[in-house]
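**Q** I am attaching a structure below and will ask some questions about it afterwards.
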Amino acid sequence: MDSNCHRHEHTDISSKDELVALIEYMVNHNASHAKELFELAEKLGKEDESEAFCFVKEAIWDFEAANRKLSLALEAIAGR
């Protein structure tokens, strides 16, 4: 399957453990996308696409900010 095309399956969450596992999955999933975006930004920078480069860098910061918040939520749920 193309790395840019993937399914997001939504399931009924019936336990705290499943909720924790889902958030952990999303943090890792988002980190993977942030890495892909970083590689894209590098290519844009090399091609002198400075405006697009800036937007992609901002998107990376957004992914990282979202992951920090999800990690805080995970800590609150899991009691870590």
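FYI, nothing fancy with the structure tokens labels: chains A, B, ... in order, residues from 1 per chain, ligands from 1 as they appear.
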Which residues, written as number ranges by chain, have at least one atom at most 12 Å from A:Lys57, with only C-alpha atoms counted and residues fewer than 6 positions away on the same chain left out?
**A** A: 34-45, 50-51, 63-64
**Q** Export, as an mmCIF file, in the first residue's frame, the selected residues with N, CA and C atoms.
**A**
```
data_model
loop_
_atom_site.group_PDB
_atom_site.id
_atom_site.type_symbol
_atom_site.label_atom_id
_atom_site.label_comp_id
_atom_site.auth_asym_id
_atom_site.auth_seq_id
_atom_site.Cartn_x
_atom_site.Cartn_y
_atom_site.Cartn_z
ATOM 1 N N ALA A 34 5.086 13.204 10.707
ATOM 2 C CA ALA A 34 5.982 14.351 10.875
ATOM 3 C C ALA A 34 7.327 14.077 10.203
ATOM 4 N N LYS A 35 7.802 12.838 10.328
ATOM 5 C CA LYS A 35 9.069 12.463 9.674
ATOM 6 C C LYS A 35 8.936 12.577 8.156
ATOM 7 N N GLU A 36 7.818 12.098 7.613
ATOM 8 C CA GLU A 36 7.585 12.211 6.168
ATOM 9 C C GLU A 36 7.539 13.676 5.735
ATOM 10 N N LEU A 37 6.904 14.511 6.551
ATOM 11 C CA LEU A 37 6.828 15.928 6.229
ATOM 12 C C LEU A 37 8.205 16.582 6.282
ATOM 13 N N PHE A 38 9.036 16.159 7.228
ATOM 14 C CA PHE A 38 10.393 16.685 7.312
ATOM 15 C C PHE A 38 11.161 16.382 6.029
ATOM 16 N N GLU A 39 11.023 15.149 5.533
ATOM 17 C CA GLU A 39 11.692 14.770 4.287
ATOM 18 C C GLU A 39 11.169 15.600 3.116
ATOM 19 N N LEU A 40 9.873 15.866 3.101
ATOM 20 C CA LEU A 40 9.284 16.710 2.067
ATOM 21 C C LEU A 40 9.837 18.134 2.163
ATOM 22 N N ALA A 41 9.934 18.646 3.375
ATOM 23 C CA ALA A 41 10.466 20.002 3.559
ATOM 24 C C ALA A 41 11.901 20.101 3.056
ATOM 25 N N GLU A 42 12.692 19.077 3.325
ATOM 26 C CA GLU A 42 14.072 19.077 2.828
ATOM 27 C C GLU A 42 14.104 19.178 1.302
ATOM 28 N N LYS A 43 13.240 18.418 0.640
ATOM 29 C CA LYS A 43 13.180 18.462 -0.827
ATOM 30 C C LYS A 43 12.757 19.842 -1.320
ATOM 31 N N LEU A 44 11.762 20.419 -0.651
ATOM 32 C CA LEU A 44 11.307 21.751 -1.049
ATOM 33 C C LEU A 44 12.411 22.788 -0.859
ATOM 34 N N GLY A 45 13.162 22.647 0.230
ATOM 35 C CA GLY A 45 14.270 23.565 0.476
ATOM 36 C C GLY A 45 15.332 23.471 -0.600
ATOM 37 N N SER A 50 10.708 28.240 -1.129
ATOM 38 C CA SER A 50 10.761 28.732 0.244
ATOM 39 C C SER A 50 9.388 28.908 0.883
ATOM 40 N N GLU A 51 8.397 29.365 0.143
ATOM 41 C CA GLU A 51 7.070 29.544 0.738
ATOM 42 C C GLU A 51 6.472 28.190 1.122
ATOM 43 N N PHE A 63 2.119 19.103 14.067
ATOM 44 C CA PHE A 63 2.119 17.682 14.428
ATOM 45 C C PHE A 63 2.794 17.485 15.782
ATOM 46 N N GLU A 64 3.938 18.155 15.969
ATOM 47 C CA GLU A 64 4.675 18.003 17.219
ATOM 48 C C GLU A 64 3.879 18.557 18.400
#
```
**Q** State, in Å with one decimal place, the distance from atom CA of A:Asn30 to atom CA of A:Glu75.
**A**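 Pair atom CA of A:Asn30 / atom CA of A:Glu75 returns 17.3 Å.
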**Q** Can you list every residue in chain A that DSSP puts in helix (DSSP H, G or I), as a compact mmCIF listing (two decimals) with C-alpha atoms, in the first residue's frame?
**A**
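out.txt, freshly written:
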```txt
# COMPACT_ATOMS: atom_id res chain seq x y z
CA LYS A 16 -9.18 2.17 29.52
CA ASP A 17 -6.41 -0.10 28.19
CA GLU A 18 -7.81 0.19 24.67
CA LEU A 19 -8.04 3.96 25.01
CA VAL A 20 -4.41 4.15 26.16
CA ALA A 21 -3.33 1.87 23.30
CA LEU A 22 -5.19 3.99 20.75
CA ILE A 23 -3.62 7.24 21.94
CA GLU A 24 -0.17 5.63 21.98
CA TYR A 25 -0.78 4.44 18.43
CA MET A 26 -1.83 7.94 17.34
CA VAL A 27 1.28 9.53 18.88
CA ASN A 28 3.50 7.09 16.97
CA HIS A 29 1.43 7.46 13.80
CA ASN A 30 1.66 11.26 13.92
CA ALA A 31 5.41 11.07 14.54
CA SER A 32 5.72 8.97 11.40
CA HIS A 33 3.82 11.59 9.40
CA ALA A 34 5.98 14.35 10.88
CA LYS A 35 9.07 12.46 9.67
CA GLU A 36 7.59 12.21 6.17
CA LEU A 37 6.83 15.93 6.23
CA PHE A 38 10.39 16.69 7.31
CA GLU A 39 11.69 14.77 4.29
CA LEU A 40 9.28 16.71 2.07
CA ALA A 41 10.47 20.00 3.56
CA GLU A 42 14.07 19.08 2.83
CA LYS A 43 13.18 18.46 -0.83
CA LEU A 44 11.31 21.75 -1.05
CA GLY A 45 14.27 23.57 0.48
CA LYS A 46 16.62 22.06 -2.09
CA SER A 50 10.76 28.73 0.24
CA GLU A 51 7.07 29.54 0.74
CA ALA A 52 6.02 25.90 0.52
CA PHE A 53 8.98 24.95 2.73
CA CYS A 54 7.75 27.36 5.43
CA PHE A 55 4.22 25.98 5.32
CA VAL A 56 5.45 22.39 5.61
CA LYS A 57 7.73 23.34 8.53
CA GLU A 58 4.72 24.91 10.25
CA ALA A 59 2.76 21.68 9.66
CA ILE A 60 5.58 19.73 11.32
CA TRP A 61 5.40 22.04 14.35
CA ASP A 62 1.62 21.46 14.43
CA PHE A 63 2.12 17.68 14.43
CA GLU A 64 4.68 18.00 17.22
CA ALA A 65 2.37 20.26 19.26
CA ALA A 66 -0.52 17.83 18.81
CA ASN A 67 1.67 14.93 19.90
CA ARG A 68 2.76 16.81 23.04
CA LYS A 69 -0.90 17.34 23.93
CA LEU A 70 -1.80 13.72 23.18
CA SER A 71 1.11 12.61 25.36
CA LEU A 72 -0.19 14.80 28.20
CA ALA A 73 -3.64 13.29 27.74
CA LEU A 74 -2.09 9.84 27.82
CA GLU A 75 -0.32 10.63 31.07
CA ALA A 76 -3.56 11.93 32.58
CA ILE A 77 -5.52 8.84 31.52
CA ALA A 78 -2.87 6.31 32.42
```
